[in-house]
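Coordinates from structure11.pdb are shown below (PDB, C-alpha atoms).
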```pdb
MODEL        1
ATOM      1  CA  MET A 167       0.000   0.000   0.000
ATOM      2  CA  VAL A 168       2.791   2.428   0.948
ATOM      3  CA  LYS A 169       4.771   1.483  -2.161
ATOM      4  CA  SER A 170       1.734   2.061  -4.367
ATOM      5  CA  SER A 171       1.034   5.465  -2.793
ATOM      6  CA  LEU A 172       4.673   6.594  -3.119
ATOM      7  CA  ALA A 173       4.841   5.398  -6.708
ATOM      8  CA  SER A 174       1.675   7.304  -7.542
ATOM      9  CA  LEU A 175       2.987  10.459  -5.830
ATOM     10  CA  LEU A 176       6.364  10.260  -7.583
ATOM     11  CA  SER A 177       4.725   9.542 -10.934
ATOM     12  CA  SER A 178       2.559  12.637 -10.541
ATOM     13  CA  PHE A 179       5.609  14.737  -9.549
ATOM     14  CA  TYR A 180       7.648  13.539 -12.534
ATOM     15  CA  ARG A 181       4.721  14.127 -14.888
ATOM     16  CA  THR A 182       4.139  17.713 -13.739
ATOM     17  CA  THR A 183       7.842  18.621 -13.732
ATOM     18  CA  SER A 184       8.868  16.804 -16.933
ATOM     19  CA  GLY A 185       9.049  19.961 -19.058
ATOM     20  CA  LEU A 186      11.146  21.823 -16.500
ATOM     21  CA  ARG A 187      13.485  18.864 -15.959
ATOM     22  CA  ARG A 188      13.902  18.417 -19.724
ATOM     23  CA  GLU A 189      14.757  22.107 -20.189
ATOM     24  CA  LEU A 190      17.206  22.088 -17.269
ATOM     25  CA  GLY A 191      18.861  18.990 -18.756
ATOM     26  CA  ARG A 192      19.288  20.750 -22.095
ATOM     27  CA  ILE A 193      20.748  23.848 -20.439
ATOM     28  CA  ARG A 194      23.188  21.682 -18.483
ATOM     29  CA  SER A 195      24.191  19.725 -21.606
ATOM     30  CA  HIS A 196      24.722  22.978 -23.543
ATOM     31  CA  ALA A 197      26.886  24.407 -20.751
ATOM     32  CA  LEU A 198      28.991  21.243 -20.462
ATOM     33  CA  LEU A 199      29.574  21.068 -24.222
ATOM     34  CA  SER A 200      30.383  24.781 -24.395
ATOM     35  CA  SER A 201      32.934  24.464 -21.596
ATOM     36  CA  ALA A 202      34.861  21.804 -23.568
ATOM     37  CA  LEU A 203      35.171  23.817 -26.799
ATOM     38  CA  ALA A 204      37.854  26.295 -27.847
ATOM     39  CA  ALA A 205      35.214  28.470 -29.604
ATOM     40  CA  PRO A 206      31.956  29.786 -28.084
ATOM     41  CA  LEU A 207      28.803  27.692 -28.532
ATOM     42  CA  ASP A 208      25.917  29.797 -29.829
ATOM     43  CA  ALA A 209      22.813  29.932 -27.618
ATOM     44  CA  SER A 210      20.691  28.785 -30.594
ATOM     45  CA  VAL A 211      22.362  25.336 -30.536
ATOM     46  CA  VAL A 212      20.008  22.760 -28.970
ATOM     47  CA  VAL A 213      21.821  20.014 -27.045
ATOM     48  CA  LEU A 214      19.325  17.289 -26.134
ATOM     49  CA  GLY A 215      21.694  15.309 -23.927
ATOM     50  CA  PRO A 216      25.293  14.756 -22.871
ATOM     51  CA  SER A 217      28.085  14.877 -25.459
ATOM     52  CA  GLU A 218      31.694  13.700 -25.126
ATOM     53  CA  VAL A 219      34.542  15.975 -26.229
ATOM     54  CA  HIS A 220      38.149  14.747 -26.302
ATOM     55  CA  GLY A 221      41.431  16.287 -27.393
ATOM     56  CA  THR A 222      42.049  19.926 -28.258
ATOM     57  CA  GLY A 223      38.434  21.136 -28.424
ATOM     58  CA  MET A 224      39.028  22.769 -31.843
ATOM     59  CA  ILE A 225      35.360  22.468 -32.790
ATOM     60  CA  ARG A 226      33.119  25.231 -34.099
ATOM     61  CA  PHE A 227      29.321  25.039 -34.391
ATOM     62  CA  GLY A 228      27.090  27.312 -36.460
ATOM     63  CA  ARG A 229      23.631  28.514 -35.429
ATOM     64  CA  ASP A 230      20.431  26.487 -34.935
ATOM     65  CA  VAL A 231      22.262  23.153 -34.743
ATOM     66  CA  LEU A 232      20.380  20.216 -33.160
ATOM     67  CA  LEU A 233      22.489  17.659 -31.284
ATOM     68  CA  TYR A 234      21.065  14.396 -29.980
ATOM     69  CA  PRO A 235      22.542  12.633 -26.920
ATOM     70  CA  GLY A 236      25.646  10.473 -27.128
ATOM     71  CA  LEU A 237      27.593  12.609 -29.610
ATOM     72  CA  TYR A 238      31.351  11.855 -29.546
ATOM     73  CA  LEU A 239      33.708  14.592 -30.783
ATOM     74  CA  GLU A 240      37.496  14.372 -30.847
ATOM     75  CA  THR A 241      40.193  16.614 -32.310
ATOM     76  CA  GLU A 242      43.859  15.686 -32.082
ATOM     77  CA  GLU A 243      47.057  17.292 -33.399
ATOM     78  CA  SER A 244      46.080  19.967 -35.977
ATOM     79  CA  GLY A 245      42.588  18.514 -36.412
ATOM     80  CA  SER A 246      39.470  20.667 -36.400
ATOM     81  CA  ILE A 247      35.732  20.184 -36.847
ATOM     82  CA  GLU A 248      33.515  22.887 -38.394
ATOM     83  CA  ILE A 249      29.759  22.384 -38.345
ATOM     84  CA  GLY A 250      27.517  24.751 -40.299
ATOM     85  CA  ASP A 251      24.130  26.307 -39.524
ATOM     86  CA  GLY A 252      21.022  24.157 -39.175
ATOM     87  CA  VAL A 253      22.878  20.845 -38.982
ATOM     88  CA  VAL A 254      21.189  17.884 -37.239
ATOM     89  CA  ILE A 255      23.446  15.245 -35.681
ATOM     90  CA  SER A 256      21.630  12.181 -34.351
ATOM     91  CA  ARG A 257      22.320   9.940 -31.369
ATOM     92  CA  GLY A 258      25.673   8.203 -31.057
ATOM     93  CA  VAL A 259      27.481   9.884 -33.965
ATOM     94  CA  HIS A 260      31.314   9.872 -33.800
ATOM     95  CA  ILE A 261      33.280  12.686 -35.456
ATOM     96  CA  VAL A 262      37.061  12.437 -35.071
ATOM     97  CA  SER A 263      39.617  14.736 -36.715
ATOM     98  CA  ARG A 264      43.400  14.862 -36.967
ATOM     99  CA  ASP A 265      43.332  17.054 -40.098
ATOM    100  CA  GLY A 266      40.019  18.797 -40.767
ATOM    101  CA  ILE A 267      36.325  17.975 -41.081
ATOM    102  CA  ARG A 268      33.818  20.477 -42.460
ATOM    103  CA  ILE A 269      30.057  19.835 -42.447
ATOM    104  CA  GLY A 270      27.906  22.238 -44.471
ATOM    105  CA  ASN A 271      24.662  24.031 -43.645
ATOM    106  CA  GLY A 272      21.466  22.008 -43.296
ATOM    107  CA  THR A 273      23.155  18.604 -43.342
ATOM    108  CA  MET A 274      21.569  15.735 -41.396
ATOM    109  CA  ILE A 275      23.639  12.864 -39.976
ATOM    110  CA  GLY A 276      21.893   9.647 -38.928
ATOM    111  CA  GLU A 277      22.356   7.648 -35.740
ATOM    112  CA  TYR A 278      25.655   5.916 -35.010
ATOM    113  CA  SER A 279      27.438   7.245 -38.087
ATOM    114  CA  SER A 280      31.228   7.620 -37.998
ATOM    115  CA  ILE A 281      33.126  10.449 -39.689
ATOM    116  CA  ARG A 282      36.900  10.100 -39.229
ATOM    117  CA  ASP A 283      39.572  11.832 -41.265
ATOM    118  CA  ALA A 284      42.434   9.587 -40.080
ATOM    119  CA  ASN A 285      43.306   5.916 -40.271
ATOM    120  CA  HIS A 286      45.961   3.884 -38.490
ATOM    121  CA  ALA A 287      49.152   3.309 -40.459
ATOM    122  CA  ARG A 288      51.137   0.073 -40.546
ATOM    123  CA  VAL A 289      54.858   0.440 -39.982
ATOM    124  CA  PRO A 290      57.125  -2.638 -39.997
ATOM    125  CA  GLY A 291      58.438  -3.418 -36.529
ATOM    126  CA  LEU A 292      55.797  -1.311 -34.742
ATOM    127  CA  THR A 293      52.420  -2.186 -33.338
ATOM    128  CA  ILE A 294      49.403  -0.603 -34.987
ATOM    129  CA  ARG A 295      48.943   1.514 -31.865
ATOM    130  CA  ASP A 296      52.480   2.935 -32.182
ATOM    131  CA  SER A 297      52.424   3.402 -35.974
ATOM    132  CA  ASP A 298      50.733   6.814 -35.966
ATOM    133  CA  HIS A 299      47.984   7.868 -38.401
ATOM    134  CA  ILE A 300      47.428   8.913 -41.994
ATOM    135  CA  ALA A 301      45.043  11.872 -42.070
ATOM    136  CA  GLN A 302      43.209  13.548 -44.971
ATOM    137  CA  PRO A 303      40.465  16.197 -44.694
ATOM    138  CA  ILE A 304      36.751  15.482 -45.128
ATOM    139  CA  ALA A 305      34.358  18.012 -46.688
ATOM    140  CA  ILE A 306      30.600  17.423 -46.475
ATOM    141  CA  GLY A 307      28.512  19.933 -48.394
ATOM    142  CA  ASN A 308      25.235  21.712 -47.680
ATOM    143  CA  GLU A 309      21.930  19.818 -47.345
ATOM    144  CA  VAL A 310      23.601  16.400 -47.371
ATOM    145  CA  TRP A 311      21.593  13.519 -45.894
ATOM    146  CA  ILE A 312      23.746  10.849 -44.270
ATOM    147  CA  GLY A 313      21.769   7.793 -43.216
ATOM    148  CA  ARG A 314      22.052   5.667 -40.101
ATOM    149  CA  GLY A 315      25.304   3.822 -39.466
ATOM    150  CA  VAL A 316      27.279   5.412 -42.317
ATOM    151  CA  THR A 317      31.093   5.499 -42.255
ATOM    152  CA  VAL A 318      32.874   8.382 -44.005
ATOM    153  CA  LEU A 319      36.635   7.916 -44.452
ATOM    154  CA  GLY A 320      39.426  10.468 -44.762
ATOM    155  CA  GLY A 321      40.027  12.352 -48.008
ATOM    156  CA  VAL A 322      36.361  12.245 -49.053
ATOM    157  CA  THR A 323      34.273  15.151 -50.364
ATOM    158  CA  ILE A 324      30.478  14.769 -50.391
ATOM    159  CA  GLY A 325      28.811  17.349 -52.621
ATOM    160  CA  ASP A 326      25.822  19.574 -51.858
ATOM    161  CA  GLY A 327      22.473  17.786 -51.819
ATOM    162  CA  ALA A 328      23.941  14.278 -51.890
ATOM    163  CA  THR A 329      22.346  11.350 -50.030
ATOM    164  CA  VAL A 330      24.271   8.500 -48.404
ATOM    165  CA  GLY A 331      22.182   5.394 -47.693
ATOM    166  CA  ALA A 332      22.176   3.668 -44.316
ATOM    167  CA  ASN A 333      25.263   1.612 -43.397
ATOM    168  CA  ALA A 334      27.212   2.738 -46.469
ATOM    169  CA  VAL A 335      30.996   3.102 -46.312
ATOM    170  CA  VAL A 336      32.091   6.220 -48.222
ATOM    171  CA  THR A 337      35.615   5.692 -49.566
ATOM    172  CA  ARG A 338      35.618   8.169 -52.454
ATOM    173  CA  ASP A 339      34.039  11.488 -53.442
ATOM    174  CA  VAL A 340      30.272  11.761 -53.917
ATOM    175  CA  PRO A 341      29.180  14.318 -56.546
ATOM    176  CA  PRO A 342      26.486  16.904 -55.719
ATOM    177  CA  GLY A 343      22.926  15.589 -55.791
ATOM    178  CA  VAL A 344      23.907  11.932 -56.130
ATOM    179  CA  THR A 345      22.610   9.087 -53.939
ATOM    180  CA  VAL A 346      25.123   6.426 -52.926
ATOM    181  CA  VAL A 347      24.609   3.129 -51.103
ATOM    182  CA  GLY A 348      26.600   0.042 -50.185
ATOM    183  CA  VAL A 349      30.075  -1.046 -49.175
ATOM    184  CA  PRO A 350      31.932   0.645 -50.720
ATOM    185  CA  ALA A 351      29.343   3.317 -51.508
ATOM    186  CA  ARG A 352      28.308   3.514 -55.181
ATOM    187  CA  ALA A 353      25.940   5.861 -57.001
ATOM    188  CA  VAL A 354      22.340   4.757 -57.555
ATOM    189  CA  GLY A 355      20.593   7.980 -58.505
ATOM    190  CA  GLU A 356      20.356  11.728 -58.515
ATOM    191  CA  VAL A 357      18.137  13.961 -56.384
ATOM    192  CA  ALA A 358      15.445  15.659 -58.508
ATOM    193  CA  GLY A 359      16.616  19.094 -59.604
ATOM    194  CA  ALA A 360      20.213  18.548 -58.479
ATOM    195  CA  ARG A 361      23.025  18.526 -61.010
ATOM    196  CA  GLY A 362      26.021  16.261 -60.613
ATOM    197  CA  ARG A 363      28.073  13.618 -62.311
ATOM    198  CA  SER A 364      28.097   9.926 -61.427
TER     199      SER A 364
ENDMDL
END
```
Whole structure given in structure tokens:
Amino acid sequence: MVKSSLASLLSSFYRTTSGLRRELGRIRSHALLSSALAAPLDASVVVLGPSEVHGTGMIRFGRDVLLYPGLYLETEESGSIEIGDGVVISRGVHIVSRDGIRIGNGTMIGEYSSIRDANHARVPGLTIRDSDHIAQPIAIGNEVWIGRGVTVLGGVTIGDGATVGANAVVTRDVPPGVTVVGVPARAVGEVAGARGRS
């Protein structure tokens, strides 16, 4: 009886304070993310839950960005991450830079995608861990749609208006307006009204 009464009371409390608790959580997540960055985080950026930031903090966000919980950001050495206005980054996305990653305005990145501009090198006589990295910049254009679970590798440019299907591995450039799918990602079509080459 006591347990039932307490559960009912707590349920009512949580229901009536859910909006306030959600807003306080977002403010806290925004403040924590902002404190880890080298550049100021605009107040228009919505941070829905905790993010992880590692390395130098050389990360710059535009305005009106929407960040879901579980975002992992890392910049090492001379690496930097630049995220444009109106970008949406879903839950569990990893973005790691040792050179440079640029994400254009209005781009949407699906859950658990990985964007990394560096790969481990293999050096005879050294372990993989001690063999350093090979890094090449990544450029993702405006209004790009990256599906769930996509991997984007170093040295890739994805043109404006392109679409990358879920679970694709992008190993080479994607022209503007083109849809790519698969492992490795290959063109399957063009977005209506977009101009690009396949």
For Leu190 in chain A, list every protein, DNA or RNA residue within 12 Å, evaluated using all atoms listed in the file, and leave out those in the same chain fewer than 5 positions away; present the list as a ChimeraX atom specification. /A:183-185,195-197,213-215
Taking the file as shown, find all residues satisfying the PyMOL selection byres ((chain A and resi 222-226) around 9) and write them as a list of chain:residue names. A:Ala202, A:Leu203, A:Ala204, A:Ala205, A:Pro206, A:Leu207, A:Val219, A:His220, A:Gly221, A:Phe227, A:Gly228, A:Leu239, A:Glu240, A:Thr241, A:Glu242, A:Glu243, A:Ser244, A:Gly245, A:Ser246, A:Ile247, A:Glu248, A:Ile249, A:Gly250
Taking C-alpha atoms for each residue, export the selection above as a PDB file, in the coordinates of the input.
```pdb
ATOM      1  CA  ALA A 202      34.861  21.804 -23.568  1.00  0.00           C
ATOM      2  CA  LEU A 203      35.171  23.817 -26.799  1.00  0.00           C
ATOM      3  CA  ALA A 204      37.854  26.295 -27.847  1.00  0.00           C
ATOM      4  CA  ALA A 205      35.214  28.470 -29.604  1.00  0.00           C
ATOM      5  CA  PRO A 206      31.956  29.786 -28.084  1.00  0.00           C
ATOM      6  CA  LEU A 207      28.803  27.692 -28.532  1.00  0.00           C
ATOM      7  CA  VAL A 219      34.542  15.975 -26.229  1.00  0.00           C
ATOM      8  CA  HIS A 220      38.149  14.747 -26.302  1.00  0.00           C
ATOM      9  CA  GLY A 221      41.431  16.287 -27.393  1.00  0.00           C
ATOM     10  CA  PHE A 227      29.321  25.039 -34.391  1.00  0.00           C
ATOM     11  CA  GLY A 228      27.090  27.312 -36.460  1.00  0.00           C
ATOM     12  CA  LEU A 239      33.708  14.592 -30.783  1.00  0.00           C
ATOM     13  CA  GLU A 240      37.496  14.372 -30.847  1.00  0.00           C
ATOM     14  CA  THR A 241      40.193  16.614 -32.310  1.00  0.00           C
ATOM     15  CA  GLU A 242      43.859  15.686 -32.082  1.00  0.00           C
ATOM     16  CA  GLU A 243      47.057  17.292 -33.399  1.00  0.00           C
ATOM     17  CA  SER A 244      46.080  19.967 -35.977  1.00  0.00           C
ATOM     18  CA  GLY A 245      42.588  18.514 -36.412  1.00  0.00           C
ATOM     19  CA  SER A 246      39.470  20.667 -36.400  1.00  0.00           C
ATOM     20  CA  ILE A 247      35.732  20.184 -36.847  1.00  0.00           C
ATOM     21  CA  GLU A 248      33.515  22.887 -38.394  1.00  0.00           C
ATOM     22  CA  ILE A 249      29.759  22.384 -38.345  1.00  0.00           C
ATOM     23  CA  GLY A 250      27.517  24.751 -40.299  1.00  0.00           C
TER      24      GLY A 250
END
```
Tell me which protein, DNA and RNA residues are within 6 Å of Gly313 in chain A, counting all atoms listed in the file, leaving out same-chain ones fewer than 4 positions away, and put them as a ChimeraX atom specification. /A:276,330-332
Based on the selection just made, write C-alpha atoms of those residues as a JSON list (two decimals), keeping the file's coordinate frame.
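Contents of the output file again30.json:
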```
[["chain", "number", "residue", "atom", "x", "y", "z"],
["A", 276, "GLY", "CA", 21.89, 9.65, -38.93],
["A", 330, "VAL", "CA", 24.27, 8.50, -48.40],
["A", 331, "GLY", "CA", 22.18, 5.39, -47.69],
["A", 332, "ALA", "CA", 22.18, 3.67, -44.32]]
```
For Arg338 in chain A, the nearest of the candidates A:Ser178, A:Ser200, A:Asn308, A:Gln302, counting all atoms listed in the file: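 Once distances to Arg338 in chain A are computed over all atoms listed in the file, the minimum belongs to A:Gln302.
The residues returned by the PyMOL selection byres ((chain A and resi 314) around 9) for this structure are Ser256, Ile275, Gly276, Glu277, Tyr278, Ser279, Ile312, Gly313, Gly315, Val316, Gly331, Ala332, Asn333 and Ala334 of chain A.
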Identify which of the residues A:Leu292, A:Ile269, A:Ala287, A:Val354 lies closest to Gly325 in chain A, counting only C-alpha atoms when measuring atom-to-atom distances.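 Closest to Gly325 in chain A of all the choices is A:Ile269.
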Within 9 Å of Val310 in chain A, counting only C-alpha atoms, which residues show up once you throw out same-chain ones fewer than 5 positions away? Write them as a ChimeraX atom specification, please. /A:269-275,324-330,342-343
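Interatomic distance, CA of Asp265 in chain A to CA of Gly291 in chain A: 25.7 Å.
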Kindly resolve the PyMOL selection byres ((chain A and resi 210) around 9) on the present coordinates and return the residues as a ChimeraX atom specification. /A:207-209,211-212,228-232
